[in-house]
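Undergrad: Contents of work-v4.cif (mmCIF, C-alpha atoms) are given next:
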```cif
data_protein
loop_
_atom_site.label_atom_id
_atom_site.label_comp_id
_atom_site.auth_asym_id
_atom_site.auth_seq_id
_atom_site.Cartn_x
_atom_site.Cartn_y
_atom_site.Cartn_z
CA MET Y 1 -15.85 -24.17 12.32
CA ILE Y 2 -14.75 -26.83 14.78
CA GLN Y 3 -12.09 -29.44 14.15
CA THR Y 4 -11.12 -32.45 16.18
CA GLY Y 5 -7.47 -33.46 16.47
CA SER Y 6 -5.57 -36.37 17.97
CA ARG Y 7 -4.54 -36.59 21.61
CA THR Y 8 -1.81 -39.09 20.80
CA PRO Y 9 1.83 -38.14 20.06
CA LEU Y 10 2.77 -37.82 16.40
CA ARG Y 11 4.86 -40.58 14.87
CA ALA Y 12 8.40 -39.70 13.83
CA ARG Y 13 7.52 -39.52 10.14
CA ALA Y 14 4.49 -37.36 10.83
CA ILE Y 15 6.58 -35.04 12.99
CA ARG Y 16 9.17 -34.62 10.24
CA ARG Y 17 6.46 -33.98 7.66
CA SER Y 18 4.78 -31.41 9.88
CA LEU Y 19 8.10 -29.69 10.58
CA VAL Y 20 8.68 -29.44 6.82
CA ILE Y 21 5.22 -27.89 6.50
CA ALA Y 22 6.11 -25.42 9.24
CA SER Y 23 9.31 -24.46 7.43
CA ILE Y 24 7.46 -24.07 4.14
CA ALA Y 25 4.82 -22.00 5.92
CA LEU Y 26 7.40 -19.47 7.07
CA ALA Y 27 9.25 -19.43 3.75
CA SER Y 28 6.07 -19.01 1.70
CA LEU Y 29 4.68 -16.19 3.79
CA ILE Y 30 7.71 -13.94 4.14
CA SER Y 31 7.04 -12.29 0.80
CA ILE Y 32 3.38 -11.59 1.51
CA PRO Y 33 2.45 -8.21 3.04
CA ALA Y 34 0.16 -9.78 5.57
CA SER Y 35 -0.21 -9.29 9.03
CA ALA Y 36 5.83 -9.39 12.16
CA LEU Y 37 6.77 -6.73 14.31
CA VAL Y 38 9.12 -4.58 12.24
CA GLY Y 39 10.96 -1.37 13.04
CA GLY Y 40 13.15 -2.52 15.93
CA ALA Y 41 10.52 -3.94 18.30
CA ASN Y 42 11.79 -5.23 21.65
CA VAL Y 43 12.25 -8.96 22.32
CA ARG Y 44 10.06 -10.11 25.20
CA ASP Y 45 10.92 -12.96 27.58
CA ASP Y 46 8.57 -11.85 30.37
CA GLU Y 47 4.95 -12.83 31.02
CA ILE Y 48 4.01 -11.60 27.55
CA GLY Y 49 6.77 -13.61 25.90
CA ARG Y 50 5.66 -16.71 27.79
CA ALA Y 51 2.07 -16.28 26.61
CA VAL Y 52 2.60 -15.75 22.88
CA ILE Y 53 2.20 -18.92 20.82
CA THR Y 54 3.37 -19.99 17.34
CA ILE Y 55 0.69 -21.64 15.18
CA VAL Y 56 1.36 -23.48 11.91
CA GLY Y 57 -1.19 -24.95 9.52
CA SER Y 58 -1.11 -27.85 7.08
CA ARG Y 59 -1.80 -25.44 4.21
CA GLY Y 60 1.27 -23.33 4.92
CA ASN Y 61 -0.09 -20.57 7.14
CA PHE Y 62 1.99 -19.22 10.00
CA CYS Y 63 0.44 -17.13 12.78
CA SER Y 64 0.67 -15.91 16.35
CA GLY Y 65 -1.69 -16.57 19.22
CA ALA Y 66 -2.02 -15.83 22.93
CA LEU Y 67 -2.49 -18.32 25.73
CA ILE Y 68 -5.54 -17.17 27.75
CA ALA Y 69 -5.90 -20.38 29.81
CA PRO Y 70 -3.64 -23.43 30.27
CA THR Y 71 -5.18 -25.16 27.23
CA LEU Y 72 -6.78 -22.26 25.32
CA VAL Y 73 -5.15 -20.12 22.63
CA LEU Y 74 -6.75 -16.96 21.24
CA SER Y 75 -5.90 -16.08 17.66
CA ALA Y 76 -7.43 -14.60 14.49
CA ALA Y 77 -10.13 -16.36 12.49
CA HIS Y 78 -8.27 -15.80 9.22
CA CYS Y 79 -5.42 -17.89 10.65
CA VAL Y 80 -7.55 -21.07 10.89
CA THR Y 81 -9.07 -21.68 7.46
CA PRO Y 82 -11.58 -24.55 7.07
CA GLY Y 83 -10.25 -27.92 5.98
CA ALA Y 84 -6.73 -27.49 7.40
CA SER Y 85 -5.14 -28.92 10.52
CA TYR Y 86 -3.04 -26.96 13.00
CA LYS Y 87 -0.12 -27.50 15.35
CA ILE Y 88 1.52 -25.46 18.09
CA VAL Y 89 5.30 -25.00 17.77
CA LEU Y 90 7.15 -25.25 21.08
CA TYR Y 91 10.94 -25.16 21.46
CA ASP Y 92 12.66 -27.54 23.87
CA ALA Y 93 15.70 -26.84 26.06
CA GLN Y 94 17.98 -27.47 23.06
CA LYS Y 95 16.00 -24.93 20.99
CA GLN Y 96 14.63 -27.72 18.80
CA PRO Y 97 11.04 -27.25 17.53
CA GLN Y 98 8.38 -29.65 18.75
CA LEU Y 99 4.90 -29.81 17.21
CA LEU Y 100 2.02 -30.25 19.64
CA ALA Y 101 -1.51 -31.30 18.82
CA VAL Y 102 -4.47 -28.94 18.65
CA LYS Y 103 -7.59 -30.66 19.94
CA ARG Y 104 -10.26 -28.32 18.56
CA VAL Y 105 -10.53 -25.07 16.62
CA ALA Y 106 -13.42 -22.63 16.37
CA ASP Y 107 -13.72 -19.34 14.53
CA HIS Y 108 -16.38 -16.75 15.23
CA PRO Y 109 -19.56 -17.48 13.21
CA GLN Y 110 -19.74 -13.86 12.00
CA PHE Y 111 -16.21 -13.80 10.57
CA ASN Y 112 -15.98 -12.51 7.00
CA ALA Y 113 -12.69 -13.42 5.32
CA GLN Y 114 -13.19 -11.06 2.38
CA GLY Y 115 -13.81 -8.19 4.77
CA ILE Y 116 -10.50 -8.70 6.55
CA LYS Y 117 -8.63 -8.93 3.24
CA ALA Y 118 -10.05 -5.50 2.40
CA HIS Y 119 -9.10 -4.16 5.88
CA ARG Y 120 -12.75 -3.88 6.85
CA ALA Y 121 -13.98 -4.76 10.33
CA SER Y 122 -15.03 -8.35 10.96
CA ALA Y 123 -15.25 -10.88 13.78
CA ASP Y 124 -11.64 -11.97 13.18
CA VAL Y 125 -11.43 -14.06 16.35
CA ALA Y 126 -10.68 -17.76 16.87
CA LEU Y 127 -10.00 -20.20 19.68
CA LEU Y 128 -7.75 -23.26 19.67
CA GLN Y 129 -8.02 -25.88 22.39
CA LEU Y 130 -4.89 -27.84 23.26
CA ALA Y 131 -4.78 -31.44 24.37
CA ASP Y 132 -2.43 -30.58 27.24
CA PRO Y 133 -0.97 -27.46 28.92
CA LEU Y 134 2.22 -26.10 27.39
CA PRO Y 135 5.33 -26.41 29.59
CA GLY Y 136 6.98 -23.09 30.35
CA LYS Y 137 4.00 -21.08 29.12
CA THR Y 138 1.67 -18.87 31.17
CA ALA Y 139 -1.70 -17.37 30.31
CA LEU Y 140 -2.62 -13.69 30.10
CA PRO Y 141 -5.93 -12.28 31.43
CA LEU Y 142 -8.71 -11.67 28.91
CA GLY Y 143 -10.56 -8.38 28.80
CA VAL Y 144 -11.95 -5.67 26.51
CA PRO Y 145 -10.61 -2.22 25.59
CA THR Y 146 -11.24 0.66 27.96
CA GLU Y 147 -14.01 2.99 26.78
CA PRO Y 148 -14.59 5.61 25.59
CA PHE Y 149 -12.29 5.04 22.62
CA ALA Y 150 -10.11 7.97 21.63
CA ALA Y 151 -7.22 8.76 19.34
CA GLY Y 152 -3.80 8.47 20.97
CA GLN Y 153 -4.65 5.64 23.36
CA SER Y 154 -1.70 3.29 23.94
CA TYR Y 155 -1.72 -0.44 23.16
CA LEU Y 156 1.00 -3.11 23.24
CA VAL Y 157 1.13 -5.44 20.22
CA ALA Y 158 3.03 -8.75 20.44
CA GLY Y 159 3.83 -11.50 17.96
CA ILE Y 160 6.34 -13.99 16.57
CA GLY Y 161 6.50 -12.61 13.04
CA VAL Y 162 9.51 -11.38 11.09
CA ALA Y 163 11.45 -8.37 12.35
CA ALA Y 164 12.44 -7.40 8.80
CA ARG Y 165 10.07 -7.78 5.88
CA GLY Y 166 11.24 -10.54 3.55
CA ASP Y 167 13.73 -11.99 6.07
CA GLY Y 168 12.26 -15.25 7.32
CA LYS Y 169 15.21 -15.88 9.62
CA SER Y 170 14.21 -12.80 11.65
CA GLY Y 171 10.93 -14.42 12.73
CA GLY Y 172 10.07 -16.89 15.47
CA THR Y 173 11.01 -14.65 18.40
CA VAL Y 174 8.38 -12.92 20.52
CA ARG Y 175 8.60 -9.15 20.08
CA ALA Y 176 6.33 -6.38 21.27
CA ALA Y 177 5.83 -2.72 20.41
CA GLN Y 178 3.87 0.13 21.97
CA LEU Y 179 1.56 1.68 19.38
CA THR Y 180 -1.20 4.31 19.55
CA SER Y 181 -4.67 4.46 18.04
CA THR Y 182 -5.42 6.68 15.09
CA SER Y 183 -8.32 9.13 14.81
CA HIS Y 184 -11.04 6.52 14.25
CA PRO Y 185 -10.85 3.79 16.91
CA GLY Y 186 -14.00 1.94 17.85
CA LYS Y 187 -15.72 -1.27 18.93
CA LEU Y 188 -15.40 -2.90 15.49
CA GLN Y 189 -11.82 -2.05 14.60
CA ILE Y 190 -8.83 -0.18 16.03
CA ARG Y 191 -6.08 1.10 13.74
CA LEU Y 192 -2.71 1.52 15.40
CA VAL Y 193 0.38 3.45 14.36
CA ASP Y 194 3.92 4.03 15.57
CA PRO Y 195 3.65 7.47 17.26
CA ALA Y 196 7.23 8.25 16.20
CA THR Y 197 6.48 7.90 12.48
CA ASP Y 198 2.69 8.40 12.31
CA ASN Y 199 2.41 6.28 9.13
CA THR Y 200 4.43 8.84 7.13
CA ARG Y 201 7.44 6.51 6.93
CA ASP Y 202 8.20 2.92 7.96
CA GLY Y 203 8.10 2.39 11.73
CA LEU Y 204 7.01 -0.15 14.31
CA GLY Y 205 4.12 -2.37 13.29
CA ALA Y 206 2.79 -5.85 12.64
CA CYS Y 207 4.00 -7.91 9.68
CA THR Y 208 4.15 -11.49 8.38
CA GLY Y 209 3.47 -14.00 11.16
CA ASP Y 210 1.96 -11.54 13.65
CA SER Y 211 -1.63 -12.19 12.61
CA GLY Y 212 -3.57 -13.41 15.62
CA GLY Y 213 -1.05 -11.97 18.06
CA PRO Y 214 -2.36 -10.37 21.24
CA VAL Y 215 -3.05 -6.66 21.57
CA LEU Y 216 -2.80 -5.59 25.21
CA GLN Y 217 -3.77 -2.60 27.30
CA GLN Y 218 -2.68 -1.65 30.80
CA GLN Y 219 -5.68 -1.93 33.12
CA ASN Y 220 -5.36 -1.70 36.90
CA GLY Y 221 -1.62 -2.23 36.68
CA ARG Y 222 -1.62 -5.36 34.55
CA ASN Y 223 -1.49 -6.26 30.86
CA VAL Y 224 -4.88 -7.44 29.62
CA VAL Y 225 -5.57 -8.99 26.20
CA ILE Y 226 -8.14 -6.70 24.53
CA GLY Y 227 -7.81 -7.68 20.86
CA VAL Y 228 -5.95 -9.57 18.13
CA VAL Y 229 -3.85 -8.44 15.16
CA SER Y 230 -5.81 -8.72 11.90
CA TRP Y 231 -3.81 -6.93 9.17
CA SER Y 232 -1.05 -4.45 8.45
CA THR Y 233 0.12 -1.95 5.85
CA GLY Y 234 3.33 -0.21 4.93
CA ALA Y 235 3.92 3.52 5.37
CA LYS Y 236 1.23 5.78 3.92
CA SER Y 237 -1.06 2.73 3.78
CA SER Y 238 1.00 1.07 1.04
CA ALA Y 239 1.46 -2.69 0.76
CA GLY Y 240 3.85 -4.04 3.39
CA CYS Y 241 4.56 -3.52 7.07
CA GLY Y 242 5.49 -0.71 9.41
CA GLY Y 243 2.58 1.59 8.65
CA LEU Y 244 -0.84 0.76 10.11
CA THR Y 245 -1.66 -2.25 12.29
CA GLY Y 246 -5.30 -3.32 12.17
CA VAL Y 247 -6.76 -4.75 15.38
CA THR Y 248 -10.00 -6.60 16.04
CA PRO Y 249 -11.03 -5.55 19.56
CA LEU Y 250 -12.78 -8.10 21.77
CA THR Y 251 -15.55 -5.71 22.87
CA LEU Y 252 -18.24 -7.51 20.87
CA TYR Y 253 -16.67 -10.97 20.94
CA ARG Y 254 -15.59 -11.64 24.53
CA ASP Y 255 -18.92 -13.31 25.35
CA TRP Y 256 -18.48 -15.74 22.44
CA ILE Y 257 -14.99 -16.59 23.70
CA LEU Y 258 -16.31 -17.25 27.21
CA GLN Y 259 -19.24 -19.34 25.91
CA THR Y 260 -17.02 -21.43 23.64
CA ALA Y 261 -14.49 -22.02 26.40
CA ARG Y 262 -17.30 -23.10 28.74
CA ALA Y 263 -18.73 -25.47 26.11
CA TRP Y 264 -15.28 -27.04 25.72
CA GLY Y 265 -15.00 -27.60 29.46
CA THR Y 266 -12.31 -24.95 29.97
CA PRO Y 267 -14.10 -21.95 31.52
CA LEU Y 268 -12.10 -18.77 31.92
#
```
Have the structure of the file written as structure tokens, please.
TA:
Amino acid sequence: MIQTGSRTPLRARAIRRSLVIASIALASLISIPASALVGGANVRDDEIGRAVITIVGSRGNFCSGALIAPTLVLSAAHCVTPGASYKIVLYDAQKQPQLLAVKRVADHPQFNAQGIKAHRASADVALLQLADPLPGKTALPLGVPTEPFAAGQSYLVAGIGVAARGDGKSGGTVRAAQLTSTSHPGKLQIRLVDPATDNTRDGLGACTGDSGGPVLQQQNGRNVVIGVVSWSTGAKSSAGCGGLTGVTPLTLYRDWILQTARAWGTPL
């Protein structure tokens, strides 16, 4: 799915309308146990914080993304449903939200929305092309997870979702948490857990607004984007947040990302 957006600045009325949509998006999603980093995750204002992006849609969805090039954002396919338009939220020096145009959107052709809703593996990967680079933002390197996969491997999950389930005011800040893989990681899906709670009680994990956020791994001394957040559960795999965090690794999808970026004239 590819959409074309406007390069021109939004008119004042359109900006206000879009900001209302963004507010409604956050308010409407805070009660849904979808995929924010709960459990006391650390605020990030480093290179990771400068790379995580807030995405809002005209149908009320609210997601995270990662800048992987000056005008390319990686996110989850379930965050960019067909028929909707999308904006990037950027805060100015006075902490006022500004909505910036998205030029094009593409989700992976093998994405299965019903599969992700059921926590099954799918090609839950999407790209958004921006009309212009984002001031104050920097890109993270794109990679794939280190193989062989094994239980207990460490990954860093980042996003702009809520820090407390049901509290919309706790969202909008980039947070990150170190999680570890469970006993069945692999090329199609990685399930992460807070090693301190091991899914037996609420701990660190993704929650509302973190969908599409980057999952990173330390490789050769640097943080590399190796996947995106797809879903979450509460403790003991109940509905909610702070239990499992489902990740779509880029192992099978990095080539599609590179090909799409090249076709858009923004090679990585």
Undergrad: Counting only C-alpha atoms, which residue out of Y:Cys63, Y:Ile88, Y:Ala106, Y:Val225 sits closest to Gln259 of chain Y?
TA: Y:Ala106
Undergrad: Using all atoms listed in the file, which of the listed residues (Y:Lys236, Y:Ala163, Y:Ala176, Y:Gly242) sits closest to Asp194 of chain Y?
TA: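 Smallest distance to Asp194 of chain Y is found for Y:Gly242.
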Undergrad: Give me the residues within 10 Å of segment 147-150 of chain Y as an MDAnalysis selection string, counting all atoms listed in the file and dropping any in the same chain fewer than 4 places off.
TA: chainID Y and resid 154 180:187 190 251
Undergrad: By how many Å are atom CA of Pro141 of chain Y and atom CA of Val224 of chain Y apart?
TA: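 So the answer is 5.3 Å.
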Undergrad: Which one of Y:Val144, Y:Ala84, Y:Leu127, Y:Ala93 sits closest to Gln219 of chain Y if you count only C-alpha atoms?
TA: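 Ranking Y:Val144, Y:Ala84, Y:Leu127, Y:Ala93 by distance to Gln219 of chain Y, first place goes to Y:Val144.
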Undergrad: Report as a ChimeraX atom specification the residues that result from applying the PyMOL selection byres ((chain Y and resi 257) around 12) to the structure here.
TA: /Y:68-69,72-75,105-109,123-129,142-144,227,250-256,258-264,266-268
Undergrad: Can you pull out the residues contacting Gln98 of chain Y? Cut-off 6 Å, using only C-alpha atoms, and skip same-chain residues under 3 positions away; I want them as a list in words.
TA: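 Those residues are Val89, Leu90 and Tyr91 of chain Y.
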Undergrad: Applying the PyMOL selection byres ((chain Y and resi 241) around 7) to the file I just gave you, which residues come out? Please list them as a PyMOL selection string.
TA: chain Y and resi 33+38+205-207+232-234+240+242-243
Undergrad: Written as a PyMOL selection string, which residues does the PyMOL selection byres ((chain Y and resi 178) around 10) give for the file shown?
TA: chain Y and resi 41-42+154-158+176-177+179-180+192-195+204-205+215-217
Undergrad: Do you have the atom CA of Gly265 of chain Y-atom CA of Ala139 of chain Y distance handy?
TA: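 Rounded to one decimal, the two atoms are 16.8 Å apart.
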Undergrad: Atom CA of Thr71 of chain Y and atom CA of Leu100 of chain Y, how far apart in Å?
TA: 11.6 Å
Undergrad: Taking all atoms listed in the file into account, which of Y:Ser237, Y:Asn61, Y:Ser122, Y:Thr248 comes nearest Asp202 of chain Y?
TA: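 Looking only at the distances to Asp202 of chain Y, the closest residue turns out to be Y:Ser237.
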Undergrad: Please provide as a PyMOL selection string all residues within 7 Å of Tyr86 of chain Y, with the sequence filter that same-chain residues fewer than 3 positions apart are discarded (counting all atoms listed in the file).
TA: chain Y and resi 55-58+102
Undergrad: Keeping only C-alpha atoms, write those residues as a compact mmCIF listing (two decimals), keeping the file's coordinate frame.
TA:
```txt
# COMPACT_ATOMS: atom_id res chain seq x y z
CA ILE Y 55 0.69 -21.64 15.18
CA VAL Y 56 1.36 -23.48 11.91
CA GLY Y 57 -1.19 -24.95 9.52
CA SER Y 58 -1.11 -27.85 7.08
CA VAL Y 102 -4.47 -28.94 18.65
```
Undergrad: Emit as AutoDock Vina command-line options the padded axis-aligned box for all listed atoms of segment 237-254 of chain Y, 4 Å per side, with centre and edge lengths in Å to one decimal.
TA:
```
--center_x -6.4 --center_y -4.5 --center_z 12.6 --size_x 31.7 --size_y 22.4 --size_z 31.8
```
Undergrad: Residues within 12 Å of Gln114 of chain Y, please, as a ChimeraX atom specification. Count only C-alpha atoms; anything in the same chain fewer than 3 positions from it doesn't count.
TA: /Y:77-78,110-111,117-124
Undergrad: From the set Y:Pro145, Y:Gly203, Y:Gly246, Y:Gly213, which residue has the shortest atom-to-atom contact distance to Thr54 of chain Y, counting all atoms listed in the file?
TA: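 Closest residue, counting all atoms listed in the file: Y:Gly213.
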Undergrad: For Gly65 of chain Y, which residue out of Y:Leu134, Y:Val229, Y:Val247, Y:Ala239 is the nearest one, using only C-alpha atoms?
TA: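 Smallest separation from Gly65 of chain Y among the options: Y:Val229.
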Undergrad: Taking the block just given, write segment 173-212 of chain Y to a file that holds N, CA and C atoms, as an mmCIF file, in the first residue's frame.
TA:
```
data_model
loop_
_atom_site.group_PDB
_atom_site.id
_atom_site.type_symbol
_atom_site.label_atom_id
_atom_site.label_comp_id
_atom_site.auth_asym_id
_atom_site.auth_seq_id
_atom_site.Cartn_x
_atom_site.Cartn_y
_atom_site.Cartn_z
ATOM 1 N N THR Y 173 6.625 10.586 25.552
ATOM 2 C CA THR Y 173 8.044 10.713 25.872
ATOM 3 C C THR Y 173 8.766 9.431 25.464
ATOM 4 N N VAL Y 174 9.915 9.573 24.843
ATOM 5 C CA VAL Y 174 10.666 8.386 24.423
ATOM 6 C C VAL Y 174 11.233 7.671 25.647
ATOM 7 N N ARG Y 175 10.886 6.409 25.799
ATOM 8 C CA ARG Y 175 11.415 5.570 26.865
ATOM 9 C C ARG Y 175 11.988 4.304 26.240
ATOM 10 N N ALA Y 176 12.879 3.667 26.973
ATOM 11 C CA ALA Y 176 13.479 2.433 26.473
ATOM 12 C C ALA Y 176 13.705 1.467 27.624
ATOM 13 N N ALA Y 177 13.636 0.188 27.329
ATOM 14 C CA ALA Y 177 13.819 -0.844 28.349
ATOM 15 C C ALA Y 177 14.601 -2.008 27.767
ATOM 16 N N GLN Y 178 15.462 -2.593 28.577
ATOM 17 C CA GLN Y 178 16.242 -3.762 28.180
ATOM 18 C C GLN Y 178 15.434 -5.010 28.521
ATOM 19 N N LEU Y 179 15.096 -5.801 27.511
ATOM 20 C CA LEU Y 179 14.324 -7.015 27.691
ATOM 21 C C LEU Y 179 15.110 -8.197 27.137
ATOM 22 N N THR Y 180 14.699 -9.414 27.490
ATOM 23 C CA THR Y 180 15.384 -10.607 26.995
ATOM 24 C C THR Y 180 14.407 -11.532 26.283
ATOM 25 N N SER Y 181 14.930 -12.312 25.357
ATOM 26 C CA SER Y 181 14.090 -13.224 24.576
ATOM 27 C C SER Y 181 13.691 -14.439 25.398
ATOM 28 N N THR Y 182 12.498 -14.936 25.099
ATOM 29 C CA THR Y 182 11.998 -16.126 25.769
ATOM 30 C C THR Y 182 12.559 -17.373 25.084
ATOM 31 N N SER Y 183 11.993 -18.527 25.378
ATOM 32 C CA SER Y 183 12.577 -19.791 24.934
ATOM 33 C C SER Y 183 12.364 -20.107 23.460
ATOM 34 N N HIS Y 184 11.568 -19.290 22.754
ATOM 35 C CA HIS Y 184 11.295 -19.622 21.348
ATOM 36 C C HIS Y 184 11.523 -18.438 20.413
ATOM 37 N N PRO Y 185 12.706 -17.825 20.430
ATOM 38 C CA PRO Y 185 12.968 -16.757 19.467
ATOM 39 C C PRO Y 185 13.234 -17.349 18.085
ATOM 40 N N GLY Y 186 13.107 -16.526 17.065
ATOM 41 C CA GLY Y 186 13.365 -17.030 15.719
ATOM 42 C C GLY Y 186 13.254 -15.944 14.675
ATOM 43 N N LYS Y 187 13.414 -16.322 13.403
ATOM 44 C CA LYS Y 187 13.426 -15.373 12.302
ATOM 45 C C LYS Y 187 12.070 -14.730 12.062
ATOM 46 N N LEU Y 188 10.975 -15.394 12.452
ATOM 47 C CA LEU Y 188 9.644 -14.870 12.191
ATOM 48 C C LEU Y 188 9.123 -13.991 13.316
ATOM 49 N N GLN Y 189 9.466 -14.334 14.547
ATOM 50 C CA GLN Y 189 8.969 -13.570 15.690
ATOM 51 C C GLN Y 189 9.867 -13.783 16.908
ATOM 52 N N ILE Y 190 10.101 -12.714 17.657
ATOM 53 C CA ILE Y 190 10.839 -12.786 18.909
ATOM 54 C C ILE Y 190 9.920 -12.303 20.021
ATOM 55 N N ARG Y 191 9.787 -13.092 21.075
ATOM 56 C CA ARG Y 191 8.991 -12.689 22.232
ATOM 57 C C ARG Y 191 9.934 -12.287 23.355
ATOM 58 N N LEU Y 192 9.723 -11.083 23.863
ATOM 59 C CA LEU Y 192 10.610 -10.525 24.877
ATOM 60 C C LEU Y 192 9.895 -10.418 26.214
ATOM 61 N N VAL Y 193 10.686 -10.437 27.280
ATOM 62 C CA VAL Y 193 10.140 -10.379 28.626
ATOM 63 C C VAL Y 193 11.096 -9.592 29.510
ATOM 64 N N ASP Y 194 10.553 -8.996 30.564
ATOM 65 C CA ASP Y 194 11.380 -8.352 31.578
ATOM 66 C C ASP Y 194 12.060 -9.460 32.379
ATOM 67 N N PRO Y 195 13.396 -9.549 32.365
ATOM 68 C CA PRO Y 195 14.066 -10.653 33.077
ATOM 69 C C PRO Y 195 13.831 -10.621 34.582
ATOM 70 N N ALA Y 196 13.434 -9.447 35.114
ATOM 71 C CA ALA Y 196 13.207 -9.349 36.557
ATOM 72 C C ALA Y 196 11.868 -9.944 36.984
ATOM 73 N N THR Y 197 10.920 -10.019 36.046
ATOM 74 C CA THR Y 197 9.590 -10.524 36.397
ATOM 75 C C THR Y 197 9.211 -11.794 35.637
ATOM 76 N N ASP Y 198 9.866 -12.012 34.484
ATOM 77 C CA ASP Y 198 9.681 -13.235 33.694
ATOM 78 C C ASP Y 198 8.212 -13.533 33.393
ATOM 79 N N ASN Y 199 7.421 -12.508 33.162
ATOM 80 C CA ASN Y 199 6.013 -12.657 32.776
ATOM 81 C C ASN Y 199 5.147 -13.237 33.892
ATOM 82 N N THR Y 200 5.660 -13.353 35.098
ATOM 83 C CA THR Y 200 4.863 -13.879 36.217
ATOM 84 C C THR Y 200 4.085 -12.770 36.923
ATOM 85 N N ARG Y 201 4.565 -11.533 36.782
ATOM 86 C CA ARG Y 201 3.856 -10.359 37.291
ATOM 87 C C ARG Y 201 4.212 -9.193 36.376
ATOM 88 N N ASP Y 202 3.476 -8.079 36.501
ATOM 89 C CA ASP Y 202 3.700 -6.937 35.626
ATOM 90 C C ASP Y 202 5.126 -6.405 35.761
ATOM 91 N N GLY Y 203 5.753 -6.137 34.616
ATOM 92 C CA GLY Y 203 7.110 -5.607 34.601
ATOM 93 C C GLY Y 203 7.284 -4.644 33.446
ATOM 94 N N LEU Y 204 8.514 -4.507 32.966
ATOM 95 C CA LEU Y 204 8.799 -3.676 31.816
ATOM 96 C C LEU Y 204 8.228 -4.319 30.550
ATOM 97 N N GLY Y 205 7.728 -3.481 29.657
ATOM 98 C CA GLY Y 205 7.206 -4.024 28.406
ATOM 99 C C GLY Y 205 6.504 -2.974 27.585
ATOM 100 N N ALA Y 206 6.227 -3.306 26.342
ATOM 101 C CA ALA Y 206 5.537 -2.392 25.431
ATOM 102 C C ALA Y 206 4.072 -2.268 25.810
ATOM 103 N N CYS Y 207 3.461 -1.141 25.417
ATOM 104 C CA CYS Y 207 2.051 -0.897 25.698
ATOM 105 C C CYS Y 207 1.503 0.065 24.641
ATOM 106 N N THR Y 208 0.366 0.694 24.917
ATOM 107 C CA THR Y 208 -0.305 1.549 23.952
ATOM 108 C C THR Y 208 0.605 2.653 23.425
ATOM 109 N N GLY Y 209 0.745 2.722 22.109
ATOM 110 C CA GLY Y 209 1.565 3.751 21.483
ATOM 111 C C GLY Y 209 2.959 3.310 21.119
ATOM 112 N N ASP Y 210 3.402 2.135 21.605
ATOM 113 C CA ASP Y 210 4.745 1.643 21.287
ATOM 114 C C ASP Y 210 4.784 0.792 20.024
ATOM 115 N N SER Y 211 3.644 0.446 19.478
ATOM 116 C CA SER Y 211 3.639 -0.315 18.228
ATOM 117 C C SER Y 211 4.487 0.395 17.178
ATOM 118 N N GLY Y 212 5.304 -0.349 16.489
ATOM 119 C CA GLY Y 212 6.175 0.223 15.465
ATOM 120 C C GLY Y 212 7.473 0.771 15.989
#
```
